[in-house]
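Novice: This is coords.pdb (PDB, C-alpha atoms, pLDDT in the B column).
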ATOM      1  CA  GLY P 149     -18.670  -7.476   8.064  1.00 82.00           C
ATOM      2  CA  THR P 150     -16.052  -8.252  10.642  1.00 91.00           C
ATOM      3  CA  SER P 151     -13.916  -6.522  13.279  1.00 93.00           C
ATOM      4  CA  ASN P 152     -10.473  -7.340  14.615  1.00 93.00           C
ATOM      5  CA  LYS P 153      -7.908  -5.783  16.942  1.00 94.00           C
ATOM      6  CA  ARG P 154      -4.512  -5.273  15.293  1.00 91.00           C
ATOM      7  CA  VAL P 155      -1.450  -5.093  17.562  1.00 93.00           C
ATOM      8  CA  PHE P 156       1.582  -3.431  15.985  1.00 91.00           C
ATOM      9  CA  ALA P 157       5.279  -4.052  16.651  1.00 89.00           C
ATOM     10  CA  ASN P 158       5.513  -0.918  18.817  1.00 94.00           C
ATOM     11  CA  GLY P 159       2.745  -2.210  21.087  1.00 93.00           C
ATOM     12  CA  LYS P 160       0.044   0.158  19.854  1.00 93.00           C
ATOM     13  CA  GLU P 161      -3.378  -1.241  18.990  1.00 94.00           C
ATOM     14  CA  ALA P 162      -6.015  -0.415  16.397  1.00 94.00           C
ATOM     15  CA  ASN P 163      -9.538  -1.784  16.138  1.00 95.00           C
ATOM     16  CA  MET P 164     -10.228  -2.451  12.456  1.00 95.00           C
ATOM     17  CA  THR P 165     -13.739  -2.972  11.067  1.00 94.00           C
ATOM     18  CA  LEU P 166     -14.662  -4.184   7.590  1.00 93.00           C
ATOM     19  CA  GLU P 167     -18.233  -3.290   6.644  1.00 92.00           C
ATOM     20  CA  ALA P 168     -20.538  -5.794   4.989  1.00 89.00           C
ATOM     21  CA  ASN P 169     -20.771  -4.581   1.402  1.00 84.00           C
ATOM     22  CA  PRO P 170     -23.896  -5.638  -0.549  1.00 78.00           C
ATOM     23  CA  SER P 171     -22.562  -4.275  -3.854  1.00 75.00           C
ATOM     24  CA  HIS P 172     -19.306  -3.191  -5.451  1.00 70.00           C
ATOM     25  CA  LEU P 173     -21.066  -0.110  -6.843  1.00 80.00           C
ATOM     26  CA  GLU P 174     -20.230   2.190  -3.931  1.00 91.00           C
ATOM     27  CA  THR P 175     -23.322   1.400  -1.823  1.00 88.00           C
ATOM     28  CA  VAL P 176     -21.232   0.937   1.314  1.00 92.00           C
ATOM     29  CA  ASN P 177     -19.778   4.463   1.297  1.00 94.00           C
ATOM     30  CA  ALA P 178     -22.567   6.159   3.243  1.00 92.00           C
ATOM     31  CA  VAL P 179     -22.830   3.177   5.622  1.00 92.00           C
ATOM     32  CA  THR P 180     -19.124   3.327   6.467  1.00 94.00           C
ATOM     33  CA  LEU P 181     -19.101   7.087   7.011  1.00 96.00           C
ATOM     34  CA  GLY P 182     -22.314   6.965   9.048  1.00 95.00           C
ATOM     35  CA  ARG P 183     -20.892   4.309  11.326  1.00 95.00           C
ATOM     36  CA  SER P 184     -17.622   6.210  11.681  1.00 96.00           C
ATOM     37  CA  ARG P 185     -19.482   9.400  12.540  1.00 96.00           C
ATOM     38  CA  ALA P 186     -21.547   7.553  15.152  1.00 96.00           C
ATOM     39  CA  LYS P 187     -18.407   6.162  16.796  1.00 96.00           C
ATOM     40  CA  GLN P 188     -16.928   9.670  16.925  1.00 96.00           C
ATOM     41  CA  PHE P 189     -20.136  11.129  18.347  1.00 96.00           C
ATOM     42  CA  TYR P 190     -20.555   8.583  21.126  1.00 96.00           C
ATOM     43  CA  ALA P 191     -16.860   8.806  22.024  1.00 96.00           C
ATOM     44  CA  GLY P 192     -17.309  12.486  22.921  1.00 95.00           C
ATOM     45  CA  ASP P 193     -17.611  14.238  19.545  1.00 94.00           C
ATOM     46  CA  THR P 194     -14.366  16.186  19.801  1.00 94.00           C
ATOM     47  CA  GLU P 195     -11.557  16.852  17.351  1.00 92.00           C
ATOM     48  CA  GLU P 196      -9.527  14.148  19.068  1.00 94.00           C
ATOM     49  CA  THR P 197     -12.262  11.525  18.745  1.00 94.00           C
ATOM     50  CA  LYS P 198     -12.515  12.371  15.062  1.00 94.00           C
ATOM     51  CA  LYS P 199      -8.816  11.736  14.682  1.00 96.00           C
ATOM     52  CA  ALA P 200      -9.143   8.440  16.567  1.00 96.00           C
ATOM     53  CA  VAL P 201     -11.737   7.051  14.117  1.00 97.00           C
ATOM     54  CA  LEU P 202     -10.483   6.972  10.530  1.00 97.00           C
ATOM     55  CA  PRO P 203     -12.782   5.889   7.682  1.00 97.00           C
ATOM     56  CA  VAL P 204     -11.121   4.360   4.624  1.00 97.00           C
ATOM     57  CA  LEU P 205     -13.125   3.708   1.464  1.00 97.00           C
ATOM     58  CA  PHE P 206     -11.974   1.479  -1.378  1.00 95.00           C
ATOM     59  CA  HIS P 207     -13.338   2.266  -4.819  1.00 95.00           C
ATOM     60  CA  GLY P 208     -13.096   0.972  -8.350  1.00 93.00           C
ATOM     61  CA  ASP P 209     -11.921   3.455 -10.958  1.00 95.00           C
ATOM     62  CA  ALA P 210     -15.029   3.235 -13.132  1.00 94.00           C
ATOM     63  CA  SER P 211     -17.489   3.228 -10.223  1.00 94.00           C
ATOM     64  CA  PHE P 212     -15.794   6.151  -8.460  1.00 95.00           C
ATOM     65  CA  ALA P 213     -16.046   8.281 -11.588  1.00 95.00           C
ATOM     66  CA  GLY P 214     -19.546   7.107 -12.497  1.00 93.00           C
ATOM     67  CA  GLN P 215     -21.549   6.577  -9.301  1.00 93.00           C
ATOM     68  CA  GLY P 216     -23.316   9.628  -7.887  1.00 93.00           C
ATOM     69  CA  VAL P 217     -23.085   8.351  -4.318  1.00 93.00           C
ATOM     70  CA  CYS P 218     -19.354   9.171  -4.381  1.00 95.00           C
ATOM     71  CA  TYR P 219     -20.071  12.875  -4.868  1.00 96.00           C
ATOM     72  CA  GLU P 220     -22.966  12.764  -2.417  1.00 94.00           C
ATOM     73  CA  THR P 221     -20.802  11.390   0.394  1.00 94.00           C
ATOM     74  CA  MET P 222     -17.740  13.529  -0.362  1.00 95.00           C
ATOM     75  CA  GLN P 223     -19.730  16.764  -0.287  1.00 95.00           C
ATOM     76  CA  LEU P 224     -20.704  16.028   3.326  1.00 94.00           C
ATOM     77  CA  GLN P 225     -17.088  16.058   4.529  1.00 93.00           C
ATOM     78  CA  HIS P 226     -17.247  19.578   6.000  1.00 92.00           C
ATOM     79  CA  VAL P 227     -20.927  19.646   6.967  1.00 94.00           C
ATOM     80  CA  GLN P 228     -20.957  20.051  10.746  1.00 89.00           C
ATOM     81  CA  ASP P 229     -23.212  17.153  11.695  1.00 92.00           C
ATOM     82  CA  PHE P 230     -21.937  14.746   9.062  1.00 94.00           C
ATOM     83  CA  GLY P 231     -18.203  15.423   8.667  1.00 94.00           C
ATOM     84  CA  THR P 232     -15.887  12.670   9.902  1.00 96.00           C
ATOM     85  CA  GLY P 233     -12.707  14.723   9.964  1.00 96.00           C
ATOM     86  CA  GLY P 234     -11.645  13.389   6.602  1.00 97.00           C
ATOM     87  CA  THR P 235     -11.860  10.102   4.712  1.00 97.00           C
ATOM     88  CA  ILE P 236      -9.080   8.319   2.859  1.00 98.00           C
ATOM     89  CA  HIS P 237     -10.383   7.245  -0.558  1.00 98.00           C
ATOM     90  CA  VAL P 238      -8.359   4.482  -2.192  1.00 98.00           C
ATOM     91  CA  VAL P 239      -9.207   4.004  -5.863  1.00 98.00           C
ATOM     92  CA  ILE P 240      -8.052   0.624  -7.177  1.00 96.00           C
ATOM     93  CA  ASN P 241      -7.488   1.851 -10.705  1.00 97.00           C
ATOM     94  CA  ASN P 242      -7.221  -1.235 -12.878  1.00 95.00           C
ATOM     95  CA  GLN P 243      -7.954   0.920 -15.944  1.00 94.00           C
ATOM     96  CA  ILE P 244     -11.095  -0.949 -16.927  1.00 93.00           C
ATOM     97  CA  GLY P 245     -14.718  -0.987 -15.803  1.00 91.00           C
ATOM     98  CA  PHE P 246     -16.009  -4.550 -16.281  1.00 90.00           C
ATOM     99  CA  THR P 247     -15.431  -4.503 -20.055  1.00 91.00           C
ATOM    100  CA  THR P 248     -15.358  -0.715 -20.597  1.00 92.00           C
ATOM    101  CA  ASP P 249     -12.197   1.225 -21.409  1.00 93.00           C
ATOM    102  CA  PRO P 250     -11.607   4.550 -19.577  1.00 93.00           C
ATOM    103  CA  ILE P 251     -12.182   6.596 -22.730  1.00 93.00           C
ATOM    104  CA  ASP P 252     -15.728   5.229 -22.856  1.00 93.00           C
ATOM    105  CA  ASP P 253     -16.707   5.630 -19.183  1.00 91.00           C
ATOM    106  CA  ARG P 254     -15.740   9.163 -18.096  1.00 94.00           C
ATOM    107  CA  SER P 255     -15.120  12.683 -19.389  1.00 95.00           C
ATOM    108  CA  THR P 256     -12.034  13.439 -17.266  1.00 95.00           C
ATOM    109  CA  LEU P 257      -8.397  12.449 -17.670  1.00 95.00           C
ATOM    110  CA  TYR P 258      -8.121  10.841 -14.235  1.00 97.00           C
ATOM    111  CA  CYS P 259     -10.714   8.672 -12.515  1.00 97.00           C
ATOM    112  CA  THR P 260     -10.014  10.621  -9.302  1.00 97.00           C
ATOM    113  CA  ASP P 261     -10.754  14.072 -10.763  1.00 97.00           C
ATOM    114  CA  LEU P 262     -13.920  14.202  -8.638  1.00 96.00           C
ATOM    115  CA  GLY P 263     -11.616  15.110  -5.754  1.00 97.00           C
ATOM    116  CA  LYS P 264     -10.722  18.383  -7.469  1.00 97.00           C
ATOM    117  CA  THR P 265     -14.296  19.533  -6.843  1.00 95.00           C
ATOM    118  CA  PHE P 266     -13.481  19.670  -3.129  1.00 96.00           C
ATOM    119  CA  SER P 267      -9.799  20.702  -3.460  1.00 96.00           C
ATOM    120  CA  CYS P 268      -8.687  17.342  -2.069  1.00 96.00           C
ATOM    121  CA  PRO P 269      -5.072  16.239  -2.477  1.00 97.00           C
ATOM    122  CA  ILE P 270      -4.759  13.351  -4.928  1.00 98.00           C
ATOM    123  CA  PHE P 271      -1.766  11.000  -4.900  1.00 98.00           C
ATOM    124  CA  HIS P 272      -1.170   8.939  -8.039  1.00 98.00           C
ATOM    125  CA  CYS P 273       1.044   5.900  -7.467  1.00 96.00           C
ATOM    126  CA  ASN P 274       2.231   2.886  -9.432  1.00 97.00           C
ATOM    127  CA  GLY P 275       0.834  -0.405  -8.172  1.00 96.00           C
ATOM    128  CA  ASP P 276       3.989  -2.175  -9.374  1.00 96.00           C
ATOM    129  CA  ASP P 277       6.049  -0.055  -6.948  1.00 96.00           C
ATOM    130  CA  PRO P 278       4.993  -1.066  -3.409  1.00 96.00           C
ATOM    131  CA  ALA P 279       7.398   1.461  -1.866  1.00 95.00           C
ATOM    132  CA  SER P 280       5.575   4.350  -3.568  1.00 96.00           C
ATOM    133  CA  VAL P 281       2.230   2.849  -2.551  1.00 97.00           C
ATOM    134  CA  VAL P 282       3.305   2.739   1.120  1.00 97.00           C
ATOM    135  CA  ALA P 283       4.590   6.310   0.878  1.00 97.00           C
ATOM    136  CA  ALA P 284       1.264   7.473  -0.610  1.00 97.00           C
ATOM    137  CA  PHE P 285      -0.718   5.794   2.171  1.00 98.00           C
ATOM    138  CA  GLU P 286       1.497   7.287   4.882  1.00 97.00           C
ATOM    139  CA  LEU P 287       1.257  10.752   3.361  1.00 98.00           C
ATOM    140  CA  ALA P 288      -2.527  10.427   2.992  1.00 98.00           C
ATOM    141  CA  ALA P 289      -2.886   9.460   6.667  1.00 97.00           C
ATOM    142  CA  GLU P 290      -0.678  12.348   7.788  1.00 98.00           C
ATOM    143  CA  TRP P 291      -2.672  14.804   5.666  1.00 97.00           C
ATOM    144  CA  ARG P 292      -5.993  13.595   7.055  1.00 97.00           C
ATOM    145  CA  GLN P 293      -4.811  13.778  10.654  1.00 97.00           C
ATOM    146  CA  SER P 294      -3.295  17.238  10.143  1.00 97.00           C
ATOM    147  CA  TRP P 295      -5.954  18.954   8.040  1.00 96.00           C
ATOM    148  CA  GLY P 296      -9.157  16.989   8.641  1.00 95.00           C
ATOM    149  CA  SER P 297     -10.167  16.686   5.005  1.00 95.00           C
ATOM    150  CA  ASP P 298     -10.660  13.928   2.482  1.00 97.00           C
ATOM    151  CA  VAL P 299      -7.642  12.681   0.550  1.00 98.00           C
ATOM    152  CA  LEU P 300      -7.484  10.415  -2.505  1.00 98.00           C
ATOM    153  CA  ILE P 301      -5.031   7.726  -3.579  1.00 98.00           C
ATOM    154  CA  ASP P 302      -5.110   6.736  -7.247  1.00 98.00           C
ATOM    155  CA  LEU P 303      -3.529   3.272  -7.186  1.00 98.00           C
ATOM    156  CA  ILE P 304      -2.753   2.645 -10.848  1.00 97.00           C
ATOM    157  CA  CYS P 305      -2.560  -1.059 -11.590  1.00 96.00           C
ATOM    158  CA  TYR P 306      -4.191  -3.654 -13.832  1.00 95.00           C
ATOM    159  CA  ARG P 307      -6.607  -6.552 -13.638  1.00 94.00           C
ATOM    160  CA  ARG P 308      -4.827  -9.774 -14.541  1.00 93.00           C
ATOM    161  CA  PHE P 309      -7.969 -11.835 -15.073  1.00 92.00           C
ATOM    162  CA  GLY P 310     -11.607 -11.168 -15.954  1.00 89.00           C
ATOM    163  CA  HIS P 311     -14.172  -9.217 -13.958  1.00 86.00           C
ATOM    164  CA  ASN P 312     -15.482 -12.559 -12.727  1.00 84.00           C
ATOM    165  CA  GLU P 313     -15.035 -16.231 -13.505  1.00 82.00           C
ATOM    166  CA  THR P 314     -17.304 -16.042 -16.581  1.00 85.00           C
ATOM    167  CA  LEU P 315     -15.561 -13.130 -18.324  1.00 87.00           C
ATOM    168  CA  ASN P 316     -12.740 -13.747 -20.778  1.00 89.00           C
ATOM    169  CA  PRO P 317     -10.976 -10.396 -21.267  1.00 91.00           C
ATOM    170  CA  ASP P 318      -9.031 -11.805 -24.221  1.00 91.00           C
ATOM    171  CA  TYR P 319     -12.258 -11.276 -26.144  1.00 91.00           C
ATOM    172  CA  THR P 320     -13.139  -7.748 -24.977  1.00 91.00           C
ATOM    173  CA  GLN P 321      -9.613  -6.256 -24.649  1.00 94.00           C
ATOM    174  CA  PRO P 322      -7.328  -8.582 -26.659  1.00 94.00           C
ATOM    175  CA  GLY P 323      -4.408  -6.183 -27.127  1.00 94.00           C
ATOM    176  CA  LEU P 324      -4.294  -5.148 -23.485  1.00 94.00           C
ATOM    177  CA  TYR P 325      -4.457  -8.684 -22.166  1.00 95.00           C
ATOM    178  CA  GLN P 326      -1.725  -9.921 -24.452  1.00 95.00           C
ATOM    179  CA  LYS P 327       0.534  -7.356 -22.754  1.00 96.00           C
ATOM    180  CA  ILE P 328      -0.717  -8.253 -19.266  1.00 95.00           C
ATOM    181  CA  ALA P 329      -0.059 -11.958 -19.887  1.00 95.00           C
ATOM    182  CA  LYS P 330       3.615 -11.143 -20.563  1.00 96.00           C
ATOM    183  CA  HIS P 331       3.956  -8.733 -17.636  1.00 97.00           C
ATOM    184  CA  PRO P 332       5.500 -10.142 -14.429  1.00 97.00           C
ATOM    185  CA  ARG P 333       3.525  -9.971 -11.206  1.00 96.00           C
ATOM    186  CA  THR P 334       4.120  -7.108  -8.795  1.00 96.00           C
ATOM    187  CA  GLU P 335       5.888  -9.371  -6.302  1.00 94.00           C
ATOM    188  CA  LYS P 336       8.411 -10.374  -8.986  1.00 95.00           C
ATOM    189  CA  VAL P 337       8.933  -6.779 -10.175  1.00 96.00           C
ATOM    190  CA  PHE P 338       9.624  -5.512  -6.645  1.00 96.00           C
ATOM    191  CA  ALA P 339      11.752  -8.511  -5.637  1.00 96.00           C
ATOM    192  CA  ASP P 340      13.996  -8.082  -8.680  1.00 96.00           C
ATOM    193  CA  GLN P 341      14.354  -4.375  -7.875  1.00 95.00           C
ATOM    194  CA  LEU P 342      15.397  -5.106  -4.275  1.00 96.00           C
ATOM    195  CA  VAL P 343      17.907  -7.751  -5.333  1.00 97.00           C
ATOM    196  CA  ASN P 344      19.383  -5.733  -8.212  1.00 96.00           C
ATOM    197  CA  THR P 345      19.892  -2.665  -6.003  1.00 96.00           C
ATOM    198  CA  GLY P 346      21.449  -4.681  -3.189  1.00 96.00           C
ATOM    199  CA  VAL P 347      18.713  -3.901  -0.674  1.00 96.00           C
ATOM    200  CA  ALA P 348      18.030  -7.592  -0.055  1.00 96.00           C
ATOM    201  CA  THR P 349      19.192 -11.011  -1.204  1.00 96.00           C
ATOM    202  CA  GLN P 350      16.928 -13.574  -2.815  1.00 96.00           C
ATOM    203  CA  ALA P 351      17.404 -15.814   0.232  1.00 97.00           C
ATOM    204  CA  GLU P 352      16.175 -13.029   2.531  1.00 97.00           C
ATOM    205  CA  LEU P 353      13.115 -12.429   0.353  1.00 96.00           C
ATOM    206  CA  ASP P 354      12.332 -16.159   0.243  1.00 96.00           C
ATOM    207  CA  ALA P 355      12.491 -16.270   4.051  1.00 97.00           C
ATOM    208  CA  ILE P 356      10.105 -13.320   4.318  1.00 95.00           C
ATOM    209  CA  LYS P 357       7.700 -14.946   1.880  1.00 94.00           C
ATOM    210  CA  GLU P 358       7.789 -18.216   3.782  1.00 95.00           C
ATOM    211  CA  GLY P 359       7.069 -16.390   7.043  1.00 94.00           C
ATOM    212  CA  ILE P 360       4.083 -14.609   5.512  1.00 93.00           C
ATOM    213  CA  TRP P 361       2.610 -17.873   4.202  1.00 93.00           C
ATOM    214  CA  LYS P 362       3.024 -19.506   7.587  1.00 94.00           C
ATOM    215  CA  ALA P 363       1.359 -16.542   9.319  1.00 90.00           C
ATOM    216  CA  HIS P 364      -1.665 -16.856   7.048  1.00 88.00           C
ATOM    217  CA  GLU P 365      -2.074 -20.604   7.347  1.00 85.00           C
TER
END
Would you give me this structure, written as structure tokens?
Specialist:
Amino acid sequence: GTSNKRVFANGKEANMTLEANPSHLETVNAVTLGRSRAKQFYAGDTEETKKAVLPVLFHGDASFAGQGVCYETMQLQHVQDFGTGGTIHVVINNQIGFTTDPIDDRSTLYCTDLGKTFSCPIFHCNGDDPASVVAAFELAAEWRQSWGSDVLIDLICYRRFGHNETLNPDYTQPGLYQKIAKHPRTEKVFADQLVNTGVATQAELDAIKEGIWKAHE
């Protein structure tokens, strides 16, 4: 894993930690929450220290619905010695589990329906609409800080390529991937929307993109 201090435009700072994850199959959930709980405990173990340490878990749609560790960690959210004051669960819902379609990997309509077990709010948003994604994240953070419970974001998107470099999805999901191949990337979809509605010019967007590339060099 790694840690880094992020300084925001308003001068506020946040220490951000990315846990070392040995597997994509949800193994890191309990590790992340345990570390968060320890930080809260050693900082004074008050409601304010719980608010100051915010765990965020990223899940896959198929693994969140299918891996028992997701239920096991979520059901600890209000247990006195284990609760972290709420976790934000972000499900990257690319509508496929390796090569398995949703109809073949779960019994519920939504991959996030596990959250209903604990009466958690669930925000479904379109990955091709970054503005709605930002709004969902802001609302999720405000809910967690206000009510101290878990909250879920169902980020509905798609996987443009295979599960890994050896998988050719044109073989396992040919119809779906013919549509994906013709679908513009999210950046293009959002940029066209901003230009067509007069929010920004193409020159302004190109300047922003250039600045981002330079910042990441």
Novice: So how far away is CA of Asp298 in chain P from CA of Cys268 in chain P, in Å?
Specialist: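 These two atoms are separated by 6.0 Å.
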Novice: Can you tell me which residues surround Val176 in chain P at a distance of at most 10 Å, considering all atoms listed in the file, apart from same-chain residues fewer than 5 positions away, and format the answer as a list in words?
Specialist: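 Result of the neighbour search: Glu167, Ala168, Asn169, Pro170, Ser171, Leu181, Gly182, Leu205, Phe206 and Val217 of chain P.
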Novice: Restricting the calculation to all atoms listed in the file, which member of P:Gln341, P:His226, P:Glu174, P:Val204 is positioned closest to Ala279 in chain P?
Specialist: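 The shortest atom-to-atom distance to Ala279 in chain P comes from P:Gln341.
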Novice: I'd like the interatomic distance between CA of Leu315 in chain P and CA of Val281 in chain P, to a tenth of an Å.
Specialist: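 Distance between the two atoms: 28.6 Å.
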Novice: Could you check how far CA of Val337 in chain P sits from CA of Arg308 in chain P, in Å to one decimal?
Specialist: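 Distance between the two atoms: 14.7 Å.
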Novice: Name all residues at most 7 Å from Ile301 in chain P (count only C-alpha atoms; drop same-chain ones fewer than 3 positions away) and give them as a PyMOL selection string.
Specialist: chain P and resi 237-239+270-272+284
Novice: Would you list the contacts of Ala200 in chain P as a PyMOL selection string, taking every protein, DNA or RNA residue within 12 Å and counting only C-alpha atoms, but skipping same-chain residues closer than 6 positions in sequence?
Specialist: chain P and resi 161-164+184-185+187-189+191-194+232-234+289+292-293+296
Novice: Name the residues that the PyMOL selection byres ((chain P and resi 210) around 8) picks from the file above, as a ChimeraX atom specification, using the file's chain letters and numbers.
Specialist: /P:208-209,211-214,243-245,250,253-254,259
Novice: For a quick check of understanding, using only C-alpha atoms, which of P:Glu220, P:Glu195, P:Tyr306, P:Pro203 has the smallest distance to Thr175 in chain P?
Specialist: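 So, comparing all the options, the nearest one is P:Glu220.
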Novice: With distances taken over only C-alpha atoms, which residue among P:Asp229, P:Asp252, P:Asp318, P:Asp302 lies nearest Phe285 in chain P?
Specialist: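 Nearest to Phe285 in chain P: P:Asp302.
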Novice: For each of P:Thr248, P:Ser297, P:Ser255, P:Thr260, take the minimum atom-to-atom distance to Val227 in chain P, counting all atoms listed in the file, then give the residue where this is smallest.
Specialist: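 Between P:Thr248, P:Ser297, P:Ser255, P:Thr260, the residue approaching Val227 in chain P most closely is P:Ser297.
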